[in-house]
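Reviewing the structure listed below.
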Amino acid sequence: AGPRLAPGRATSVERAQPIRWSTTKTYATSLKRLTPRDRRFGRGQVQDRLWLNGDTAATAFYNALSVTFPKGEAFFIESVKAFRAGVDDKLAREIKAFTIQEVVHSREHVAFNKRVLDHGYDISRLEARIDQVLEIARARPAIVQLAATMALEHYTAIIASELLSNPRHLAGADAESADLWRWHALEEIEHKGVAYDTFLHATRDLSRWRRGKIKTLTMLLISGTFWKHRVEGTLDL
């Protein structure tokens, strides 16, 4: 189980401070260190079914992506923590911050997904596909699971950067939902290198050729399935 965030308890987690999203330069200045932010979005508020500017396809895309996060991010945490023994102090701190960030992301997307269900979306097929993919992944060696996490974190950071750089993606969105996605994007960019650095630690005794082979083959596999799954998830909803 991941770390619990006790209300009112002093922790390294940043509490509800406003984040400015207006420009790429604004969020880039916060990326000097990993900063877990304990935020809550949309509690007790009414959200339109088509919360993203009334756009059916765009709303379905983000809804489907959100459904993948709770179980997917638990897998990411497991994959990274499996190789934390022997890391240096800096990486140990980053793995801890990464874990907290991912736990809070999962909590907020569980709440977001509850609103998706409340609006009548059937996510059962999508959840079944997620379970199937994770079952296959967990049957692979631990280093392959870490490599898959590294590749998927790379993709989420690309999406996050585009989301924050181009305001049109969330134009007209429900304010609380838009803030949720921007907050998540910011932290994805902050910790995008943690799985990679952990991979470098885990493969430090491998030859450059073997390390490169694992990275290349994993990235090719993820590249071939990532967008396929995004399209399937969107169409499911």
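Chain labels run A, B, ... following the order of the structure tokens; each chain numbers its residues from 1, and ligands are numbered from 1 in the order shown.
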Hey, which bits of stretch 42-132 of chain A sit within 10 Å of stretch 147-165 of chain A, and for each residue what's the closest pair of atoms and how far apart in Å (one decimal), counting only C-alpha atoms, rows by chain and increasing number, as CSV?
residue,atom,partner,partner_atom,distance
A:Gly72,CA,A:Thr149,CA,9.2
A:Glu73,CA,A:Thr149,CA,9.1
A:Phe75,CA,A:Thr149,CA,8.0
A:Phe76,CA,A:Thr149,CA,5.5
A:Ile77,CA,A:Thr149,CA,8.8
A:Glu78,CA,A:Thr149,CA,9.7
A:Ser79,CA,A:Thr149,CA,6.9
A:Val80,CA,A:Thr149,CA,7.9
Keeping only N, CA, C and O atoms, write the selected residues as a CSV table (one decimal), in the first residue's frame.
chain,number,residue,atom,x,y,z
A,72,GLY,N,-3.1,1.6,-13.2
A,72,GLY,CA,-1.9,1.8,-13.9
A,72,GLY,C,-0.8,2.4,-13.0
A,72,GLY,O,0.4,2.0,-13.0
A,73,GLU,N,-1.2,3.4,-12.2
A,73,GLU,CA,-0.2,4.1,-11.4
A,73,GLU,C,0.3,3.2,-10.2
A,73,GLU,O,1.4,3.3,-9.8
A,75,PHE,N,0.7,0.1,-10.6
A,75,PHE,CA,1.8,-0.8,-11.3
A,75,PHE,C,3.1,0.0,-11.4
A,75,PHE,O,4.1,-0.6,-11.1
A,76,PHE,N,3.0,1.3,-11.7
A,76,PHE,CA,4.2,2.1,-11.8
A,76,PHE,C,5.0,2.1,-10.5
A,76,PHE,O,6.2,2.0,-10.5
A,77,ILE,N,4.2,2.4,-9.4
A,77,ILE,CA,4.9,2.4,-8.1
A,77,ILE,C,5.5,1.1,-7.8
A,77,ILE,O,6.7,1.1,-7.3
A,78,GLU,N,4.9,0.0,-8.0
A,78,GLU,CA,5.4,-1.3,-7.7
A,78,GLU,C,6.7,-1.5,-8.5
A,78,GLU,O,7.7,-2.0,-8.0
A,79,SER,N,6.7,-1.1,-9.8
A,79,SER,CA,7.8,-1.4,-10.7
A,79,SER,C,9.0,-0.6,-10.2
A,79,SER,O,10.1,-1.1,-10.3
A,80,VAL,N,8.8,0.6,-9.8
A,80,VAL,CA,10.0,1.5,-9.4
A,80,VAL,C,10.5,1.0,-8.1
A,80,VAL,O,11.7,0.8,-7.9
For stretch 181-183 of chain A, find every residue with an atom within 10 Å (counting only C-alpha atoms), except residues of its own chain fewer than 3 positions away, and show them as a compact mmCIF listing (two decimals) with all heavy atoms, in the first residue's frame.
# COMPACT_ATOMS: atom_id res chain seq x y z
N ILE A 19 -1.87 27.11 -8.13
CA ILE A 19 -0.87 26.90 -9.17
C ILE A 19 -1.29 27.69 -10.39
O ILE A 19 -2.44 27.63 -10.80
CB ILE A 19 -0.75 25.42 -9.55
CG1 ILE A 19 -0.39 24.59 -8.31
CG2 ILE A 19 0.29 25.20 -10.63
CD1 ILE A 19 -0.36 23.10 -8.58
N ARG A 20 -0.37 28.43 -10.97
CA ARG A 20 -0.66 29.18 -12.19
C ARG A 20 -0.30 28.31 -13.38
O ARG A 20 0.76 27.73 -13.45
CB ARG A 20 0.14 30.48 -12.21
CG ARG A 20 -0.26 31.46 -11.11
CD ARG A 20 0.70 32.63 -11.08
NE ARG A 20 0.78 33.28 -12.37
CZ ARG A 20 1.84 33.97 -12.79
NH1 ARG A 20 2.90 34.08 -12.02
NH2 ARG A 20 1.84 34.53 -13.98
N TRP A 21 -1.21 28.26 -14.36
CA TRP A 21 -1.02 27.38 -15.50
C TRP A 21 -0.79 28.15 -16.80
O TRP A 21 -0.69 27.54 -17.85
CB TRP A 21 -2.27 26.53 -15.72
CG TRP A 21 -2.88 25.95 -14.50
CD1 TRP A 21 -4.03 26.34 -13.89
CD2 TRP A 21 -2.39 24.87 -13.72
NE1 TRP A 21 -4.29 25.57 -12.80
CE2 TRP A 21 -3.29 24.66 -12.66
CE3 TRP A 21 -1.25 24.05 -13.82
CZ2 TRP A 21 -3.12 23.66 -11.72
CZ3 TRP A 21 -1.08 23.07 -12.87
CH2 TRP A 21 -2.00 22.88 -11.84
N TYR A 27 5.04 26.87 -15.62
CA TYR A 27 5.15 25.57 -14.98
C TYR A 27 6.58 25.05 -15.03
O TYR A 27 7.00 24.30 -14.16
CB TYR A 27 4.17 24.55 -15.55
CG TYR A 27 4.46 23.99 -16.91
CD1 TYR A 27 5.43 23.00 -17.08
CD2 TYR A 27 3.75 24.41 -18.03
CE1 TYR A 27 5.69 22.47 -18.33
CE2 TYR A 27 4.01 23.87 -19.28
CZ TYR A 27 4.97 22.90 -19.42
OH TYR A 27 5.23 22.38 -20.65
N ARG A 37 1.76 17.47 -4.20
CA ARG A 37 0.75 18.47 -3.84
C ARG A 37 -0.55 17.74 -3.49
O ARG A 37 -1.13 17.09 -4.34
CB ARG A 37 0.53 19.44 -5.01
CG ARG A 37 1.79 20.18 -5.43
CD ARG A 37 1.61 20.84 -6.79
NE ARG A 37 2.82 21.51 -7.23
CZ ARG A 37 3.84 20.90 -7.82
NH1 ARG A 37 3.78 19.59 -8.07
NH2 ARG A 37 4.91 21.57 -8.18
N ARG A 39 -3.94 17.74 -3.39
CA ARG A 39 -5.07 18.52 -3.88
C ARG A 39 -6.30 17.64 -4.00
O ARG A 39 -6.21 16.44 -4.22
CB ARG A 39 -4.75 19.13 -5.25
CG ARG A 39 -3.48 19.95 -5.26
CD ARG A 39 -3.56 21.12 -4.27
NE ARG A 39 -2.30 21.78 -4.10
CZ ARG A 39 -1.87 22.79 -4.85
NH1 ARG A 39 -2.63 23.24 -5.84
NH2 ARG A 39 -0.70 23.33 -4.63
N PHE A 41 -10.18 17.74 -6.04
CA PHE A 41 -10.88 18.44 -7.12
C PHE A 41 -12.31 17.94 -7.26
O PHE A 41 -12.56 16.74 -7.25
CB PHE A 41 -10.15 18.23 -8.46
CG PHE A 41 -8.73 18.71 -8.47
CD1 PHE A 41 -7.69 17.86 -8.11
CD2 PHE A 41 -8.43 20.02 -8.82
CE1 PHE A 41 -6.38 18.30 -8.11
CE2 PHE A 41 -7.11 20.47 -8.83
CZ PHE A 41 -6.09 19.61 -8.47
N TYR A 62 -10.54 11.79 -22.43
CA TYR A 62 -9.99 12.05 -21.10
C TYR A 62 -10.61 11.13 -20.06
O TYR A 62 -9.93 10.67 -19.13
CB TYR A 62 -10.17 13.51 -20.71
CG TYR A 62 -9.20 14.43 -21.40
CD1 TYR A 62 -9.56 15.12 -22.56
CD2 TYR A 62 -7.90 14.59 -20.93
CE1 TYR A 62 -8.66 15.95 -23.21
CE2 TYR A 62 -7.00 15.42 -21.57
CZ TYR A 62 -7.38 16.10 -22.71
OH TYR A 62 -6.48 16.92 -23.36
N SER A 66 -8.47 8.58 -17.79
CA SER A 66 -8.57 8.61 -16.33
C SER A 66 -8.84 7.23 -15.75
O SER A 66 -8.30 6.88 -14.69
CB SER A 66 -9.67 9.59 -15.90
OG SER A 66 -9.80 9.63 -14.49
N HIS A 105 -2.49 11.12 -7.21
CA HIS A 105 -3.11 11.09 -8.54
C HIS A 105 -4.20 10.01 -8.59
O HIS A 105 -5.31 10.24 -9.08
CB HIS A 105 -2.08 10.77 -9.62
CG HIS A 105 -1.03 11.82 -9.79
ND1 HIS A 105 0.05 11.64 -10.62
CD2 HIS A 105 -0.90 13.05 -9.25
CE1 HIS A 105 0.82 12.72 -10.57
NE2 HIS A 105 0.26 13.59 -9.74
N HIS A 109 -8.19 10.51 -9.31
CA HIS A 109 -8.82 9.93 -10.49
C HIS A 109 -9.88 8.89 -10.10
O HIS A 109 -10.82 8.67 -10.86
CB HIS A 109 -7.77 9.36 -11.44
CG HIS A 109 -7.11 10.43 -12.25
ND1 HIS A 109 -7.71 10.99 -13.36
CD2 HIS A 109 -5.94 11.10 -12.07
CE1 HIS A 109 -6.91 11.93 -13.86
NE2 HIS A 109 -5.84 12.02 -13.09
N ALA A 160 1.51 15.43 -21.17
CA ALA A 160 1.43 16.48 -20.15
C ALA A 160 2.02 17.79 -20.64
O ALA A 160 1.45 18.87 -20.43
CB ALA A 160 2.16 16.02 -18.88
N SER A 161 3.16 17.71 -21.31
CA SER A 161 3.80 18.92 -21.82
C SER A 161 2.91 19.62 -22.84
O SER A 161 2.74 20.84 -22.83
CB SER A 161 5.15 18.57 -22.44
OG SER A 161 5.78 19.72 -22.94
N LEU A 163 -0.33 19.33 -23.07
CA LEU A 163 -1.54 19.81 -22.38
C LEU A 163 -1.30 21.17 -21.74
O LEU A 163 -2.16 22.07 -21.81
CB LEU A 163 -1.94 18.79 -21.31
CG LEU A 163 -3.32 18.99 -20.66
CD1 LEU A 163 -4.43 18.68 -21.65
CD2 LEU A 163 -3.44 18.09 -19.43
N LEU A 164 -0.14 21.33 -21.12
CA LEU A 164 0.15 22.59 -20.45
C LEU A 164 0.62 23.68 -21.41
O LEU A 164 0.42 24.86 -21.15
CB LEU A 164 1.22 22.38 -19.37
CG LEU A 164 0.79 21.54 -18.16
CD1 LEU A 164 1.94 21.38 -17.19
CD2 LEU A 164 -0.41 22.17 -17.46
N LEU A 170 -7.86 22.15 -23.24
CA LEU A 170 -8.85 22.17 -22.17
C LEU A 170 -9.73 23.42 -22.24
O LEU A 170 -10.38 23.77 -21.26
CB LEU A 170 -8.16 22.09 -20.80
CG LEU A 170 -7.50 20.74 -20.49
CD1 LEU A 170 -6.68 20.83 -19.20
CD2 LEU A 170 -8.52 19.62 -20.40
N GLU A 176 -12.94 22.76 -12.44
CA GLU A 176 -12.33 21.81 -11.52
C GLU A 176 -11.68 20.65 -12.27
O GLU A 176 -10.58 20.20 -11.91
CB GLU A 176 -13.37 21.28 -10.53
CG GLU A 176 -13.72 22.25 -9.42
CD GLU A 176 -12.59 22.40 -8.41
OE1 GLU A 176 -12.26 21.41 -7.74
OE2 GLU A 176 -12.05 23.51 -8.30
N SER A 177 -12.33 20.17 -13.30
CA SER A 177 -11.76 19.08 -14.10
C SER A 177 -10.50 19.54 -14.82
O SER A 177 -9.51 18.80 -14.88
CB SER A 177 -12.79 18.56 -15.11
OG SER A 177 -13.93 18.04 -14.45
N ALA A 178 -10.53 20.76 -15.37
CA ALA A 178 -9.36 21.28 -16.05
C ALA A 178 -8.18 21.41 -15.08
O ALA A 178 -7.04 21.06 -15.41
CB ALA A 178 -9.68 22.64 -16.67
N LEU A 186 1.42 18.61 -14.59
CA LEU A 186 2.59 19.26 -13.99
C LEU A 186 3.45 18.24 -13.24
O LEU A 186 4.67 18.20 -13.40
CB LEU A 186 2.12 20.36 -13.02
CG LEU A 186 3.21 21.04 -12.19
CD1 LEU A 186 4.09 21.88 -13.09
CD2 LEU A 186 2.59 21.90 -11.09
N GLU A 187 2.81 17.40 -12.44
CA GLU A 187 3.57 16.45 -11.64
C GLU A 187 4.13 15.31 -12.50
O GLU A 187 5.19 14.75 -12.17
CB GLU A 187 2.72 15.93 -10.49
CG GLU A 187 2.35 17.03 -9.50
CD GLU A 187 1.85 16.54 -8.16
OE1 GLU A 187 1.50 15.35 -8.03
OE2 GLU A 187 1.81 17.36 -7.22
N GLU A 188 3.45 14.97 -13.59
CA GLU A 188 4.00 13.97 -14.50
C GLU A 188 5.31 14.46 -15.11
O GLU A 188 6.27 13.70 -15.28
CB GLU A 188 3.01 13.64 -15.61
CG GLU A 188 1.83 12.79 -15.18
CD GLU A 188 2.24 11.43 -14.66
OE1 GLU A 188 3.20 10.84 -15.20
OE2 GLU A 188 1.61 10.95 -13.70
Review point. Near stretch 194-200 of chain A, within 8 Å and counting only C-alpha atoms, which residues show up once chain neighbours fewer than 3 positions away are dropped, as a ChimeraX atom specification?
Key: /A:80,83-84,87,91,94-95,98,143,146-147,149-150,153,191,203-204
- Find the residue from A:Pro70, A:Gly233, A:Gly172, A:Gly86 that sits nearest to A:Asp48; use only C-alpha atoms when measuring.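 Once distances to A:Asp48 are computed over only C-alpha atoms, the minimum belongs to A:Gly172.
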Point to revise | Which of stretch 110-220 of chain A DSSP labels alpha helix (DSSP H), written as an MDAnalysis selection string | key: chainID A and resid 110:118 124:138 142:165 175:190 194:202 208:220
Discussion item. Quick one: residues within 12 Å of A:Asp122, only C-alpha atoms, excluding same-chain residues fewer than 2 positions away - as a list in words?
Written reply: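 The contact residues come out as Ala60, Asn63, Ala64, Val67, Asn113, Lys114, Arg115, Val116, Leu117, Asp118, His119, Gly120, Ser124, Arg125, Leu126, Glu127, Ala128, Gly233, Thr234, Leu235, Asp236 and Leu237 of chain A.
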Next, the residues of the selection above should be written as a compact mmCIF listing (two decimals), in the first residue's frame with N, CA and C atoms.
# COMPACT_ATOMS: atom_id res chain seq x y z
N ALA A 60 -14.78 11.81 -23.85
CA ALA A 60 -14.57 10.37 -23.78
C ALA A 60 -13.08 10.02 -23.73
N ASN A 63 -11.91 10.84 -20.19
CA ASN A 63 -12.55 9.92 -19.26
C ASN A 63 -11.89 8.54 -19.32
N ALA A 64 -11.66 8.06 -20.55
CA ALA A 64 -11.04 6.74 -20.73
C ALA A 64 -9.62 6.73 -20.19
N VAL A 67 -9.67 6.45 -16.42
CA VAL A 67 -10.00 5.11 -15.92
C VAL A 67 -8.74 4.24 -15.79
N ASN A 113 -13.37 9.29 -11.69
CA ASN A 113 -14.01 8.15 -12.34
C ASN A 113 -15.38 7.86 -11.75
N LYS A 114 -15.54 8.16 -10.47
CA LYS A 114 -16.88 8.02 -9.86
C LYS A 114 -17.87 8.96 -10.54
N ARG A 115 -17.42 10.16 -10.89
CA ARG A 115 -18.30 11.09 -11.60
C ARG A 115 -18.59 10.59 -13.02
N VAL A 116 -17.59 9.95 -13.64
CA VAL A 116 -17.80 9.35 -14.96
C VAL A 116 -18.92 8.30 -14.88
N LEU A 117 -18.85 7.46 -13.88
CA LEU A 117 -19.89 6.43 -13.68
C LEU A 117 -21.24 7.06 -13.40
N ASP A 118 -21.25 8.11 -12.58
CA ASP A 118 -22.50 8.78 -12.25
C ASP A 118 -23.19 9.35 -13.48
N HIS A 119 -22.40 9.67 -14.50
CA HIS A 119 -22.98 10.21 -15.74
C HIS A 119 -23.43 9.10 -16.69
N GLY A 120 -23.35 7.86 -16.24
CA GLY A 120 -23.92 6.77 -17.03
C GLY A 120 -22.96 6.09 -17.99
N SER A 124 -16.89 -0.89 -17.89
CA SER A 124 -16.56 -2.28 -17.57
C SER A 124 -15.61 -2.90 -18.60
N ARG A 125 -15.85 -2.66 -19.88
CA ARG A 125 -14.97 -3.22 -20.91
C ARG A 125 -13.56 -2.65 -20.79
N LEU A 126 -13.49 -1.36 -20.54
CA LEU A 126 -12.19 -0.71 -20.40
C LEU A 126 -11.44 -1.25 -19.18
N GLU A 127 -12.13 -1.40 -18.06
CA GLU A 127 -11.49 -1.93 -16.86
C GLU A 127 -11.03 -3.37 -17.08
N ALA A 128 -11.82 -4.15 -17.80
CA ALA A 128 -11.42 -5.54 -18.08
C ALA A 128 -10.15 -5.58 -18.93
N GLY A 233 -10.17 2.80 -25.88
CA GLY A 233 -10.83 3.29 -24.68
C GLY A 233 -11.82 4.39 -24.98
N THR A 234 -11.45 5.30 -25.86
CA THR A 234 -12.35 6.39 -26.24
C THR A 234 -13.60 5.85 -26.92
N LEU A 235 -13.42 4.89 -27.82
CA LEU A 235 -14.56 4.32 -28.53
C LEU A 235 -15.46 3.51 -27.58
N ASP A 236 -14.87 2.91 -26.56
CA ASP A 236 -15.68 2.17 -25.58
C ASP A 236 -16.68 3.06 -24.88
N LEU A 237 -16.30 4.33 -24.69
CA LEU A 237 -17.17 5.25 -23.96
C LEU A 237 -18.06 6.07 -24.90
Handout entry: Among listed residues A:Ile214, A:Phe226, A:Phe112, A:Ala171, nearest A:Val46 (using only C-alpha atoms)
Key =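 When distances to A:Val46 are compared using only C-alpha atoms, the smallest one comes from A:Phe112.
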